[in-house]
Each structure stands twice: as structure tokens, then as C-alpha cells.
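Asks: Got a file for you: my_file-v1.txt, compact mmCIF, C-alpha atoms and all ligand atoms.
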# COMPACT_ATOMS: atom_id res chain seq x y z
CA VAL A 692 -30.81 -10.04 10.60
CA ILE A 693 -28.86 -11.69 7.84
CA SER A 694 -25.27 -10.81 8.59
CA LYS A 695 -23.49 -8.89 5.88
CA LEU A 696 -20.17 -10.14 7.23
CA PRO A 697 -20.92 -13.65 8.47
CA GLN A 698 -17.26 -14.65 8.69
CA THR A 699 -16.15 -11.53 10.55
CA GLY A 700 -15.66 -11.55 14.32
CA THR A 701 -14.26 -8.87 16.60
CA THR A 702 -10.97 -7.38 15.42
CA ILE A 703 -7.86 -8.93 16.93
CA PHE A 704 -6.78 -5.53 18.29
CA THR A 705 -9.84 -5.23 20.48
CA THR A 706 -9.54 -8.85 21.54
CA MET A 707 -5.86 -8.75 22.47
CA SER A 708 -5.96 -5.35 24.18
CA ALA A 709 -8.91 -6.53 26.27
CA LEU A 710 -7.04 -9.70 27.23
CA ALA A 711 -3.95 -7.66 28.08
CA ASN A 712 -6.01 -5.40 30.34
CA GLU A 713 -7.79 -8.31 31.95
CA HIS A 714 -4.46 -9.91 32.90
CA GLY A 715 -2.56 -6.71 33.59
CA ALA A 716 -0.12 -7.70 30.85
CA ILE A 717 2.29 -5.37 29.07
CA ASN A 718 0.45 -4.59 25.89
CA LEU A 719 2.67 -4.96 22.84
CA SER A 720 -0.29 -6.14 20.79
CA GLN A 721 -2.46 -3.30 19.41
CA GLY A 722 -0.21 -0.75 17.75
CA PHE A 723 -0.12 2.49 19.72
CA PRO A 724 2.55 4.43 21.63
CA ASP A 725 2.51 4.32 25.43
CA PHE A 726 4.22 7.73 25.58
CA GLU A 727 2.60 11.12 25.21
CA CYS A 728 2.30 13.05 22.00
CA SER A 729 4.05 16.43 21.89
CA PRO A 730 2.86 18.89 24.58
CA GLY A 731 3.27 21.61 21.94
CA LEU A 732 0.75 19.85 19.75
CA VAL A 733 -1.68 19.44 22.63
CA GLU A 734 -1.32 23.13 23.38
CA LEU A 735 -2.16 23.94 19.75
CA VAL A 736 -5.37 21.91 20.11
CA ASN A 737 -6.27 23.73 23.32
CA LYS A 738 -5.56 27.02 21.64
CA ALA A 739 -7.74 26.14 18.64
CA MET A 740 -10.59 25.32 21.03
CA ARG A 741 -10.08 28.51 23.02
CA ASP A 742 -9.98 30.47 19.78
CA GLY A 743 -13.44 29.18 19.03
CA HIS A 744 -12.70 26.66 16.29
CA ASN A 745 -15.38 24.33 17.53
CA GLN A 746 -17.91 24.09 14.73
CA TYR A 747 -18.00 22.01 11.55
CA ALA A 748 -14.89 22.10 9.42
CA PRO A 749 -15.31 22.30 5.65
CA MET A 750 -16.37 18.93 4.26
CA ALA A 751 -13.01 18.13 2.61
CA GLY A 752 -10.97 19.45 5.53
CA LEU A 753 -9.56 22.73 6.65
CA PRO A 754 -7.89 24.51 3.68
CA ALA A 755 -4.83 25.35 5.81
CA LEU A 756 -4.34 21.68 6.66
CA ARG A 757 -4.83 20.50 3.09
CA GLU A 758 -2.28 23.09 2.04
CA GLN A 759 0.28 21.72 4.52
CA ILE A 760 -0.39 18.15 3.40
CA ALA A 761 0.17 19.18 -0.22
CA LEU A 762 3.45 20.91 0.70
CA LYS A 763 4.69 17.93 2.68
CA THR A 764 3.80 15.47 -0.07
CA GLU A 765 5.51 17.49 -2.78
CA LYS A 766 8.58 18.11 -0.65
CA LEU A 767 9.02 14.47 0.31
CA TYR A 768 7.90 12.65 -2.84
CA GLY A 769 7.62 15.20 -5.64
CA GLY A 770 3.96 14.39 -6.19
CA VAL A 771 1.76 17.46 -6.71
CA TYR A 772 -1.78 17.49 -5.32
CA ASN A 773 -4.29 20.29 -5.58
CA PRO A 774 -5.56 20.92 -2.03
CA ASP A 775 -8.97 21.96 -3.37
CA THR A 776 -9.71 18.89 -5.42
CA GLU A 777 -7.24 16.15 -4.55
CA ILE A 778 -6.85 16.04 -0.75
CA THR A 779 -9.45 15.12 1.86
CA VAL A 780 -8.94 15.03 5.62
CA THR A 781 -10.48 11.92 7.19
CA ALA A 782 -11.27 10.41 10.57
CA GLY A 783 -8.14 8.29 10.52
CA ALA A 784 -6.81 6.07 7.77
CA THR A 785 -9.50 3.48 8.47
CA GLN A 786 -12.24 5.82 7.29
CA ALA A 787 -10.16 6.82 4.27
CA ILE A 788 -9.65 3.18 3.30
CA PHE A 789 -13.33 2.33 3.71
CA THR A 790 -14.36 5.41 1.74
CA ALA A 791 -11.93 4.75 -1.12
CA ILE A 792 -13.06 1.16 -1.44
CA SER A 793 -16.74 2.08 -1.36
CA ALA A 794 -16.16 4.82 -3.92
CA VAL A 795 -14.91 2.53 -6.66
CA ILE A 796 -15.71 -1.11 -5.95
CA HIS A 797 -18.86 -2.48 -7.59
CA PRO A 798 -20.34 -5.93 -7.06
CA ASN A 799 -18.09 -8.67 -8.50
CA ASP A 800 -15.10 -6.36 -8.95
CA GLU A 801 -11.95 -8.13 -7.89
CA VAL A 802 -9.42 -6.60 -5.53
CA ILE A 803 -5.92 -8.00 -5.17
CA MET A 804 -4.29 -7.78 -1.78
CA PHE A 805 -1.36 -9.39 -0.03
CA GLU A 806 -1.64 -11.45 3.11
CA PRO A 807 -0.86 -11.05 5.90
CA ALA A 808 -3.01 -7.94 5.41
CA TYR A 809 -4.20 -5.24 7.78
CA ASP A 810 -7.63 -6.36 8.83
CA CYS A 811 -9.88 -3.56 7.57
CA TYR A 812 -9.39 -4.11 3.83
CA ALA A 813 -11.28 -7.34 3.20
CA PRO A 814 -14.51 -6.46 5.09
CA ALA A 815 -14.85 -3.19 3.17
CA ILE A 816 -14.39 -4.99 -0.15
CA LYS A 817 -16.96 -7.62 0.78
CA LEU A 818 -19.52 -5.06 1.94
CA MET A 819 -19.37 -3.51 -1.52
CA GLY A 820 -19.95 -6.91 -3.11
CA GLY A 821 -16.36 -7.07 -4.29
CA VAL A 822 -14.25 -10.20 -4.37
CA VAL A 823 -10.97 -10.46 -2.50
CA LYS A 824 -8.13 -12.12 -4.39
CA SER A 825 -5.20 -12.53 -2.12
CA LEU A 826 -1.66 -13.62 -2.51
CA GLU A 827 -0.14 -15.08 0.64
CA LEU A 828 3.37 -13.92 1.42
CA GLU A 829 5.73 -16.02 3.47
CA PRO A 830 8.26 -15.31 6.21
CA PRO A 831 11.00 -14.45 6.72
CA ASN A 832 11.09 -11.92 3.86
CA TYR A 833 7.46 -11.74 2.73
CA ARG A 834 8.56 -10.67 -0.77
CA ILE A 835 5.90 -10.15 -3.40
CA ALA A 836 6.31 -12.54 -6.35
CA TRP A 837 5.03 -10.26 -9.08
CA ASP A 838 4.64 -13.07 -11.59
CA MET A 839 2.10 -14.55 -9.17
CA VAL A 840 0.28 -11.23 -9.01
CA LYS A 841 0.12 -11.24 -12.79
CA ARG A 842 -1.71 -14.56 -12.66
CA LEU A 843 -4.41 -13.03 -10.45
CA ILE A 844 -5.15 -10.23 -12.89
CA ASN A 845 -8.09 -10.54 -15.27
CA ASN A 846 -10.71 -8.20 -16.71
CA LYS A 847 -12.57 -8.04 -13.40
CA THR A 848 -9.53 -6.77 -11.47
CA LYS A 849 -10.36 -3.28 -10.28
CA MET A 850 -7.84 -2.53 -7.57
CA ILE A 851 -4.59 -3.59 -5.94
CA ILE A 852 -4.09 -2.75 -2.27
CA LEU A 853 -0.54 -2.01 -1.19
CA ASN A 854 0.76 -1.25 2.27
CA SER A 855 4.30 0.01 2.75
CA PRO A 856 5.81 0.04 5.34
CA HIS A 857 3.81 -3.07 5.95
CA ASN A 858 1.72 -4.00 8.93
CA PRO A 859 2.34 -6.62 10.31
CA THR A 860 5.49 -7.81 8.49
CA ALA A 861 7.55 -4.57 8.68
CA THR A 862 8.70 -4.98 5.08
CA ILE A 863 8.86 -2.05 2.66
CA LEU A 864 8.31 -1.84 -1.08
CA THR A 865 11.54 -1.38 -3.00
CA LYS A 866 12.23 0.43 -6.26
CA GLU A 867 12.30 -2.99 -7.92
CA ASP A 868 8.79 -3.71 -6.61
CA ILE A 869 7.62 -0.42 -8.06
CA GLY A 870 9.19 -1.27 -11.43
CA GLU A 871 7.40 -4.63 -11.47
CA LEU A 872 4.11 -3.11 -10.40
CA SER A 873 4.30 -0.38 -13.03
CA ALA A 874 5.04 -2.86 -15.80
CA LEU A 875 2.23 -5.12 -14.63
CA ILE A 876 -0.55 -2.57 -14.69
CA LYS A 877 0.71 -0.42 -17.56
CA ASN A 878 -2.11 -1.03 -19.99
CA GLN A 879 -4.66 -2.20 -17.46
CA ASP A 880 -7.58 -0.39 -15.97
CA ILE A 881 -6.51 -1.05 -12.38
CA LEU A 882 -6.56 1.35 -9.46
CA ILE A 883 -4.24 1.31 -6.46
CA LEU A 884 -5.11 1.84 -2.83
CA SER A 885 -1.82 2.57 -1.13
CA ASP A 886 -1.90 2.41 2.66
CA GLU A 887 1.06 4.54 3.69
CA VAL A 888 0.21 5.17 7.33
CA TYR A 889 3.80 4.30 8.34
CA GLU A 890 5.34 6.52 5.63
CA HIS A 891 7.64 8.21 8.17
CA LEU A 892 8.76 4.97 9.81
CA VAL A 893 11.34 3.68 7.33
CA PHE A 894 14.71 2.67 8.75
CA ASP A 895 18.36 2.18 7.83
CA GLY A 896 18.46 5.13 5.46
CA GLN A 897 15.94 3.58 3.05
CA GLU A 898 13.41 5.69 1.16
CA HIS A 899 9.68 5.33 1.47
CA GLN A 900 8.32 4.33 -1.93
CA SER A 901 5.20 6.44 -1.97
CA MET A 902 2.94 6.21 -5.00
CA ALA A 903 3.30 10.00 -5.01
CA ARG A 904 6.85 9.58 -6.37
CA TYR A 905 5.66 7.95 -9.61
CA PRO A 906 3.35 10.00 -11.84
CA GLU A 907 1.85 6.99 -13.69
CA LEU A 908 1.06 5.31 -10.38
CA GLN A 909 -0.06 8.52 -8.69
CA GLN A 910 -2.61 8.96 -11.49
CA ARG A 911 -4.45 5.83 -10.42
CA SER A 912 -3.87 5.81 -6.67
CA PHE A 913 -5.68 6.59 -3.50
CA ILE A 914 -2.91 7.23 -0.96
CA VAL A 915 -3.89 7.05 2.67
CA SER A 916 -1.98 8.28 5.71
CA SER A 917 -2.62 8.76 9.43
CA PHE A 918 -1.71 11.57 11.81
CA GLY A 919 -2.43 9.14 14.61
CA LYS A 920 0.65 7.17 13.59
CA THR A 921 2.76 10.16 12.65
CA PHE A 922 2.13 12.25 15.76
CA HIS A 923 1.78 9.55 18.46
CA ALA A 924 -1.92 10.28 18.85
CA THR A 925 -3.79 7.22 17.61
CA GLY A 926 -6.80 8.20 19.71
CA TRP A 927 -7.35 11.32 17.67
CA LYS A 928 -8.37 9.34 14.59
CA MET A 929 -7.07 11.87 12.10
CA GLY A 930 -5.78 11.03 8.65
CA TYR A 931 -6.11 11.94 5.03
CA CYS A 932 -6.49 10.68 1.51
CA LEU A 933 -4.69 11.89 -1.61
CA ALA A 934 -6.05 11.05 -5.07
CA PRO A 935 -6.26 12.59 -8.51
CA ALA A 936 -9.36 14.73 -8.94
CA TYR A 937 -11.37 12.14 -10.90
CA LEU A 938 -11.03 9.70 -8.00
CA MET A 939 -11.29 12.28 -5.22
CA GLN A 940 -14.58 13.49 -6.64
CA GLU A 941 -16.07 10.02 -6.10
CA PHE A 942 -14.35 9.69 -2.72
CA ARG A 943 -15.97 12.88 -1.44
CA LYS A 944 -19.43 11.82 -2.55
CA ILE A 945 -19.16 9.12 0.11
CA HIS A 946 -17.06 10.98 2.66
CA GLN A 947 -19.72 13.72 2.91
CA PHE A 948 -22.35 11.21 4.00
CA LEU A 949 -20.15 8.96 6.07
CA VAL A 950 -18.76 11.65 8.38
CA PHE A 951 -19.36 14.92 6.50
CA SER A 952 -16.24 16.46 8.05
CA VAL A 953 -13.79 15.70 10.85
CA ASN A 954 -12.63 17.25 14.11
CA THR A 955 -12.08 20.98 13.62
CA PRO A 956 -9.71 21.99 16.46
CA LEU A 957 -7.39 19.07 15.72
CA GLN A 958 -7.20 20.15 12.09
CA HIS A 959 -6.19 23.66 13.12
CA ALA A 960 -3.54 22.28 15.45
CA ILE A 961 -2.08 19.82 12.97
CA ALA A 962 -2.00 22.43 10.19
CA GLU A 963 0.16 24.59 12.44
CA TYR A 964 2.30 21.73 13.72
CA LEU A 965 3.11 20.44 10.22
CA LYS A 966 4.84 23.72 9.40
CA ASP A 967 7.86 22.39 11.27
CA GLU A 968 9.14 19.54 9.11
CA ASN A 969 11.24 18.23 11.97
CA THR A 970 8.02 16.94 13.57
CA TYR A 971 7.99 14.13 11.01
CA LEU A 972 11.57 14.07 9.71
CA SER A 973 12.76 13.07 13.20
CA LEU A 974 10.58 9.95 13.26
CA PRO A 975 12.75 7.40 11.42
CA GLY A 976 15.63 7.97 13.85
CA PHE A 977 13.36 7.99 16.88
CA PHE A 978 11.70 4.68 16.03
CA GLN A 979 14.82 3.04 14.64
CA GLU A 980 16.36 3.49 18.06
CA LYS A 981 13.37 1.76 19.64
CA ARG A 982 13.54 -1.04 17.09
CA ASP A 983 17.24 -1.56 17.77
CA TYR A 984 16.72 -1.44 21.52
CA PHE A 985 13.98 -4.05 21.41
CA ARG A 986 15.94 -6.27 19.02
CA LYS A 987 19.07 -6.05 21.14
CA GLY A 988 17.11 -6.96 24.25
CA MET A 989 15.59 -9.95 22.49
CA GLU A 990 18.93 -11.18 21.14
CA ASN A 991 19.29 -13.84 23.80
CA SER A 992 15.67 -14.88 23.80
CA ARG A 993 14.44 -18.06 22.16
CA PHE A 994 12.38 -16.05 19.66
CA THR A 995 13.74 -15.66 16.15
CA LEU A 996 13.32 -12.06 15.07
CA LEU A 997 12.35 -11.42 11.45
CA PRO A 998 13.75 -8.43 9.53
CA CYS A 999 12.19 -5.04 10.32
CA ALA A 1000 12.66 -2.36 7.65
CA GLY A 1001 9.81 -0.06 8.68
CA SER A 1002 6.62 0.43 10.77
CA TYR A 1003 6.65 0.04 14.55
CA PHE A 1004 6.24 -3.68 14.59
CA GLN A 1005 8.70 -6.48 15.13
CA SER A 1006 7.66 -9.98 14.13
CA ALA A 1007 9.14 -13.15 15.53
CA THR A 1008 8.91 -16.87 15.02
CA TYR A 1009 9.37 -19.22 17.95
CA GLU A 1010 10.04 -22.79 16.83
CA ALA A 1011 12.62 -23.15 19.60
CA ILE A 1012 9.93 -22.51 22.21
CA THR A 1013 6.77 -24.32 21.25
CA ASN A 1014 4.79 -25.88 18.48
CA GLU A 1015 1.59 -24.02 19.45
CA LYS A 1016 -0.40 -22.05 16.89
CA ASP A 1017 0.28 -18.34 17.20
CA SER A 1018 -3.30 -17.62 18.27
CA ASP A 1019 -2.93 -20.03 21.22
CA PHE A 1020 0.58 -18.94 22.07
CA ALA A 1021 -0.39 -15.24 22.08
CA ILE A 1022 -3.11 -15.94 24.64
CA ARG A 1023 -0.83 -18.05 26.80
CA LEU A 1024 1.93 -15.43 26.72
CA THR A 1025 -0.54 -12.79 27.84
CA ARG A 1026 -1.93 -14.89 30.68
CA GLU A 1027 1.20 -16.60 31.92
CA ILE A 1028 4.08 -14.29 31.05
CA GLY A 1029 2.24 -10.99 31.05
CA VAL A 1030 3.15 -9.80 27.55
CA ALA A 1031 0.52 -9.41 24.86
CA ALA A 1032 1.36 -9.70 21.15
CA ILE A 1033 -0.67 -10.10 17.97
CA PRO A 1034 -0.82 -13.55 16.35
CA VAL A 1035 -0.02 -12.86 12.70
CA SER A 1036 -2.48 -15.55 11.57
CA ALA A 1037 -5.19 -12.95 12.31
CA PHE A 1038 -4.02 -11.12 9.18
CA TYR A 1039 -4.72 -14.05 6.89
CA ARG A 1040 -8.22 -15.02 5.79
CA ALA A 1041 -7.45 -18.72 5.36
CA SER A 1042 -7.31 -20.60 8.62
CA THR A 1043 -3.92 -22.11 7.86
CA GLU A 1044 -1.88 -22.42 11.04
CA ARG A 1045 0.74 -19.73 11.43
CA ARG A 1046 3.47 -19.37 13.98
CA VAL A 1047 4.46 -15.72 13.97
CA LEU A 1048 3.87 -13.08 16.64
CA ARG A 1049 3.92 -9.32 16.13
CA PHE A 1050 5.25 -7.05 18.89
CA CYS A 1051 4.72 -3.28 18.89
CA PHE A 1052 7.86 -1.42 19.97
CA ALA A 1053 6.34 2.07 20.03
CA LYS A 1054 6.87 2.04 23.79
CA MET A 1055 8.87 3.79 26.46
CA GLN A 1056 12.25 2.28 27.22
CA GLU A 1057 11.08 1.02 30.60
CA THR A 1058 8.11 -0.73 29.00
CA ILE A 1059 10.42 -2.42 26.51
CA ASP A 1060 12.78 -3.39 29.35
CA LYS A 1061 10.00 -4.98 31.36
CA ALA A 1062 8.54 -6.80 28.37
CA VAL A 1063 11.94 -8.11 27.28
CA GLU A 1064 12.73 -9.28 30.79
CA ARG A 1065 9.56 -11.39 30.73
CA LEU A 1066 10.06 -12.61 27.18
CA LEU A 1067 13.56 -13.83 28.05
CA THR A 1068 12.01 -16.27 30.51
CA VAL A 1069 9.99 -18.03 27.81
N1 LIG A 1101 -3.56 0.90 8.02
C1 LIG A 1101 -2.62 0.29 8.74
C2 LIG A 1101 -1.61 -0.54 8.04
C3 LIG A 1101 -2.60 0.43 10.12
O1 LIG A 1101 -1.68 -0.18 10.84
C4 LIG A 1101 -3.59 1.22 10.74
C5 LIG A 1101 -3.62 1.30 12.22
N2 LIG A 1101 -3.31 2.51 12.63
C6 LIG A 1101 -4.53 1.86 9.95
C7 LIG A 1101 -4.50 1.66 8.59
C8 LIG A 1101 -5.60 2.71 10.52
O2 LIG A 1101 -5.15 3.96 10.88
P1 LIG A 1101 -6.07 4.97 11.74
O3 LIG A 1101 -5.87 4.63 13.15
O4 LIG A 1101 -5.58 6.31 11.37
O5 LIG A 1101 -7.48 4.74 11.30
N1 LIG A 1102 -3.18 -0.29 13.48
C1 LIG A 1102 -3.09 -0.80 14.82
C2 LIG A 1102 -2.37 -2.12 14.80
O1 LIG A 1102 -2.03 -2.66 13.77
C3 LIG A 1102 -4.43 -1.01 15.48
C4 LIG A 1102 -5.54 -0.17 15.06
C5 LIG A 1102 -6.82 -0.70 15.63
O2 LIG A 1102 -6.87 -1.11 16.75
N2 LIG A 1102 -7.82 -0.71 14.83
O3 LIG A 1102 -2.15 -2.65 15.84
Please express the file's structure as C-alpha cells.
Replies:
Amino acid sequence: VISKLPQTGTTIFTTMSALANEHGAINLSQGFPDFECSPGLVELVNKAMRDGHNQYAPMAGLPALREQIALKTEKLYGGVYNPDTEITVTAGATQAIFTAISAVIHPNDEVIMFEPAYDCYAPAIKLMGGVVKSLELEPPNYRIAWDMVKRLINNKTKMIILNSPHNPTATILTKEDIGELSALIKNQDILILSDEVYEHLVFDGQEHQSMARYPELQQRSFIVSSFGKTFHATGWKMGYCLAPAYLMQEFRKIHQFLVFSVNTPLQHAIAEYLKDENTYLSLPGFFQEKRDYFRKGMENSRFTLLPCAGSYFQSATYEAITNEKDSDFAIRLTREIGVAAIPVSAFYRASTERRVLRFCFAKMQETIDKAVERLLTV
């Protein structure tokens, strides 16, 4: 066959987790918790199954779940979404992202994104015949220079992809960023795909800048989130998309043929679980403690930790240790030290050498202790 994605290999998460398993290394690479999700939530899933909720859910998602998502969104961000026409439950954020991109990107449409970028955006754009226009951001602060974004905009620009809190850099969009963005696209026909899977993982008392806070932005945005991230259950592959009706209508045309609908008992369980707002309001504190614990442990290491404002990732540079490329160093660390991390160069399309590693701290204290102990020997 003629490959549709000739430049695409196997995702770095699969590669690094496999290497970690092969060498019995502590896996701080792929982002997932090594602790259990809430037993109460598991019990709700069991109950939904016992109660016979085992057949197809409605195509757009269970009404009770969409209702809870609408309530949560309005409560947290003020944005109002009609559960009937503006919310769809998806098989994780990945499916939502793919579906949103396929719904609106035509051949030769240009999509602006920021690198390092989560790795599922570019392949989806390319499959639709779209053109990726990326702006590379630089450590330590990875700030977006909006005047540079302006230079990328032309009459083919169809979409800007945002991700806050950001994977892998752990930065968050600020109010100032939102002001710049709003001014930039004011009279332009540009959509936004806002990847907000870490919406509840914002630290130090900062506010998550959801597109759902800003009516002019909300009007042109697909917002994507993930229950896998929120409820420590990445294996469930449950998420959702919010969008104004004119966009959601196109989204569902694809969703119905990509998956039709998603896991019914999980939807029942999550709808019930979301009624207690503490299930997500407790997350910033919970993960901030883990961030601080990991950072404190690494204080005397020879890694240089970059700022971490949100997400469950901590990036680090390592010029005091070695001159190796991050892709080589990540492999060596896994094999020789027994700690796996993600080389941040995997999140750039250009093969420029990068020297930044990303560690996932969504781990039990003893896992962090063991990993830090090993990392201190490097
Ligand atoms: N976007 C970002 C930024 C992510 O880190 C991830 C990984 N969870 C996803 C999307 C995909 O989420 P899901 O596992 O719900 O498909
Ligand atoms: N989002 C997770 C990460 O950044 C991985 C998800 C995946 O493996 N596709 O590590």
C-alpha cells in the first residue's frame, strides 16, 4: 500500500512503555497513574452492569452524563452548553480530537499548532489533507509569541490547536494569552480546537483558562476533555467534546460512523460520580502535592527542573549530566538506571536535537521515592 502517513512511526508512548517493561524500569514515561481509581467509581460501574446497562448508549452519549458535563462546565467556567446539541461523549479525548479535525479540515486547509505538541494532532490533520503550520516554543518558559502566530495566519488558516495545561511542557495559558488570541482572530474565520484534558490539574491557585469562559472563543471552539485523566482511569478511554451546535452537528456526522456510541455502563457510573463536585475539585491539591514531592526529591539531582504550572508532567534539562540527545538519553536511563521518561523531541516534527525529558509524577509516593533515588545517581 501507499502509506497515508509515511513519516509516522509508532507513538513514543508505546515505544517507551514497552522499553520500560522490557527492562523492568520504573515507568515515568507514558502518562498514567500507578494508583487505583476510586473504589466508589468502580462500584458504580459494577452496579450499572448489574442493573443491565449493557447495550448501546445513545449516539451522542447518555443524556444524564451530558447533563452533568453541562452543569460542571457552567459551574466552573460560566460557559453554557445544550446537552442535546452541543455535548458528545467520546472514547477518550483522542477520538474527540480526531473527530473534530476530520469534521472541519478540508484538503489544503492550514492548522496552526504549537510544538512541542501532543502527538495525535498532526497525523489527523495530514490524513484530512490539511497542512500543519507549527510554531516551535522554547524552554524554559515555552511562552507563545503571539506576533509570530499572527505571521502564520493567512486566508487558508482554518484552525488553531491549543492545549492548556500543556503536555509535555506543563505550562498554562494565561489571561494575557487569551487577550492576544482573541484580538488575533477577531475578524478571522478561524476555529479553535482546545485540548483541555488536564483542566483540573492547574496548580498554585491559578485558574484554568478554558475557552468556555470566553463567549467569543467558545463560539468557535471544540473543547475536548478526558475522564481518563480526571478520574485516574486512562484505560477506560472516556472523554467528551463541547462545541456550539453548528460545529457539533458536523462532529456527530463523523462520530456516529467512527464509533457510533461509547461504553454504556461507564457513562452511567461517571454521570453519577460527577454529581459530587469534590471528585474533581480535589484534584489540583492532590497533584500539586505530588508535583512538589517529586520536585523536592529531585532538588539535589543534576537535572534542571523546568517550571510546572499544570498537568502531571515535570520536564527537566540535563546539561550538567550529558550532551546526549534526549531520545538517546531516555533509552539509556531506562536500560541503565531503570527509570523511563519521554524525550520531548518526540513532540516536535522537525528532527532538531532536543535535550529535555518529561517525567510523569502521577505515581504513588513509593514509586516517586524509588525513581528519585535512582535519578539522584545519574
Ligand atoms: N491530549 C493530551 C494533551 C493528552 O495528554 C492525552 C493523553 N491522555 C490525550 C489528549 C488523550 O486522552 P485520552 O486518553 O482520553 O484519549
Ligand atoms: N497522554 C499520555 C501521555 O502524554 C499518553 C497517552 C497515550 O499513550 N496515547 O503520556
Asks: Within 8 Å of ligand LIG 1101 (chain A), counting all atoms listed in the file: which residues, as an MDAnalysis selection string?
Replies: chainID A and resid 722:723 782:788 808:809 811 854:859 886:889 916:920 925:926 928:930
Asks: Skip Leu853 of chain A itself and residues of its chain fewer than 6 positions away, then list as a VMD selection string all residues within 12 Å of it, counting all atoms listed in the file.
Replies: chain A and resid 788 802 to 809 812 825 to 826 835 862 to 864 868 to 869 872 882 to 888 900 to 902 908 912 to 915
Asks: Quick one: distance from atom CA of Ser1036 of chain A to atom CA of Ser1018 of chain A in Å, one decimal?
Replies: 7.1 Å
Asks: To box segment 1053-1064 of chain A, take all atoms listed in the file, fit an axis-aligned box, add 5 Å on each side, and give centre and edge lengths in Å to one decimal, as lines of an AutoDock Vina configuration file.
Replies:
center_x = 9.6
center_y = -2.7
center_z = 25.7
size_x = 16.4
size_y = 23.1
size_z = 21.3
Asks: Between A:Ala1041, A:Val736, A:Ala924, A:Cys728, which residue has the minimum interatomic distance to Val823 of chain A, considering all atoms listed in the file?
Replies: A:Ala1041
Asks: Quick one: everything within 7 Å of Thr848 of chain A, counting all atoms listed in the file, minus sequence neighbours fewer than 4 positions away in the same chain. Send it as a PyMOL selection string.
Replies: chain A and resi 800-802+844+881
Asks: Please output segment 887-899 of chain A, rebuilt to include N, CA and C atoms, as an mmCIF file, in the frame of the given file.
Replies:
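Output below, filename out.cif:
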data_model
loop_
_atom_site.group_PDB
_atom_site.id
_atom_site.type_symbol
_atom_site.label_atom_id
_atom_site.label_comp_id
_atom_site.auth_asym_id
_atom_site.auth_seq_id
_atom_site.Cartn_x
_atom_site.Cartn_y
_atom_site.Cartn_z
ATOM 1 N N GLU A 887 -0.282 4.057 3.338
ATOM 2 C CA GLU A 887 1.060 4.540 3.690
ATOM 3 C C GLU A 887 1.073 5.158 5.089
ATOM 4 N N VAL A 888 0.309 4.563 5.995
ATOM 5 C CA VAL A 888 0.210 5.170 7.330
ATOM 6 C C VAL A 888 1.568 5.204 8.065
ATOM 7 N N TYR A 889 2.479 4.288 7.685
ATOM 8 C CA TYR A 889 3.800 4.300 8.340
ATOM 9 C C TYR A 889 4.858 4.958 7.450
ATOM 10 N N GLU A 890 4.420 5.899 6.601
ATOM 11 C CA GLU A 890 5.340 6.520 5.630
ATOM 12 C C GLU A 890 6.586 7.105 6.288
ATOM 13 N N HIS A 891 6.480 7.576 7.531
ATOM 14 C CA HIS A 891 7.640 8.210 8.170
ATOM 15 C C HIS A 891 8.451 7.228 9.023
ATOM 16 N N LEU A 892 8.074 5.952 8.982
ATOM 17 C CA LEU A 892 8.760 4.970 9.810
ATOM 18 C C LEU A 892 9.510 3.979 8.919
ATOM 19 N N VAL A 893 10.507 4.498 8.211
ATOM 20 C CA VAL A 893 11.340 3.680 7.330
ATOM 21 C C VAL A 893 12.775 3.812 7.829
ATOM 22 N N PHE A 894 13.436 2.660 8.022
ATOM 23 C CA PHE A 894 14.710 2.670 8.750
ATOM 24 C C PHE A 894 15.916 2.434 7.840
ATOM 25 N N ASP A 895 17.088 2.532 8.468
ATOM 26 C CA ASP A 895 18.360 2.180 7.830
ATOM 27 C C ASP A 895 18.615 2.998 6.560
ATOM 28 N N GLY A 896 18.174 4.230 6.584
ATOM 29 C CA GLY A 896 18.460 5.130 5.460
ATOM 30 C C GLY A 896 17.689 4.810 4.186
ATOM 31 N N GLN A 897 16.729 3.903 4.251
ATOM 32 C CA GLN A 897 15.940 3.580 3.050
ATOM 33 C C GLN A 897 14.927 4.671 2.775
ATOM 34 N N GLU A 898 14.414 4.685 1.541
ATOM 35 C CA GLU A 898 13.410 5.690 1.160
ATOM 36 C C GLU A 898 12.032 5.063 1.115
ATOM 37 N N HIS A 899 11.060 5.818 1.590
ATOM 38 C CA HIS A 899 9.680 5.330 1.470
ATOM 39 C C HIS A 899 9.240 5.429 0.009
#
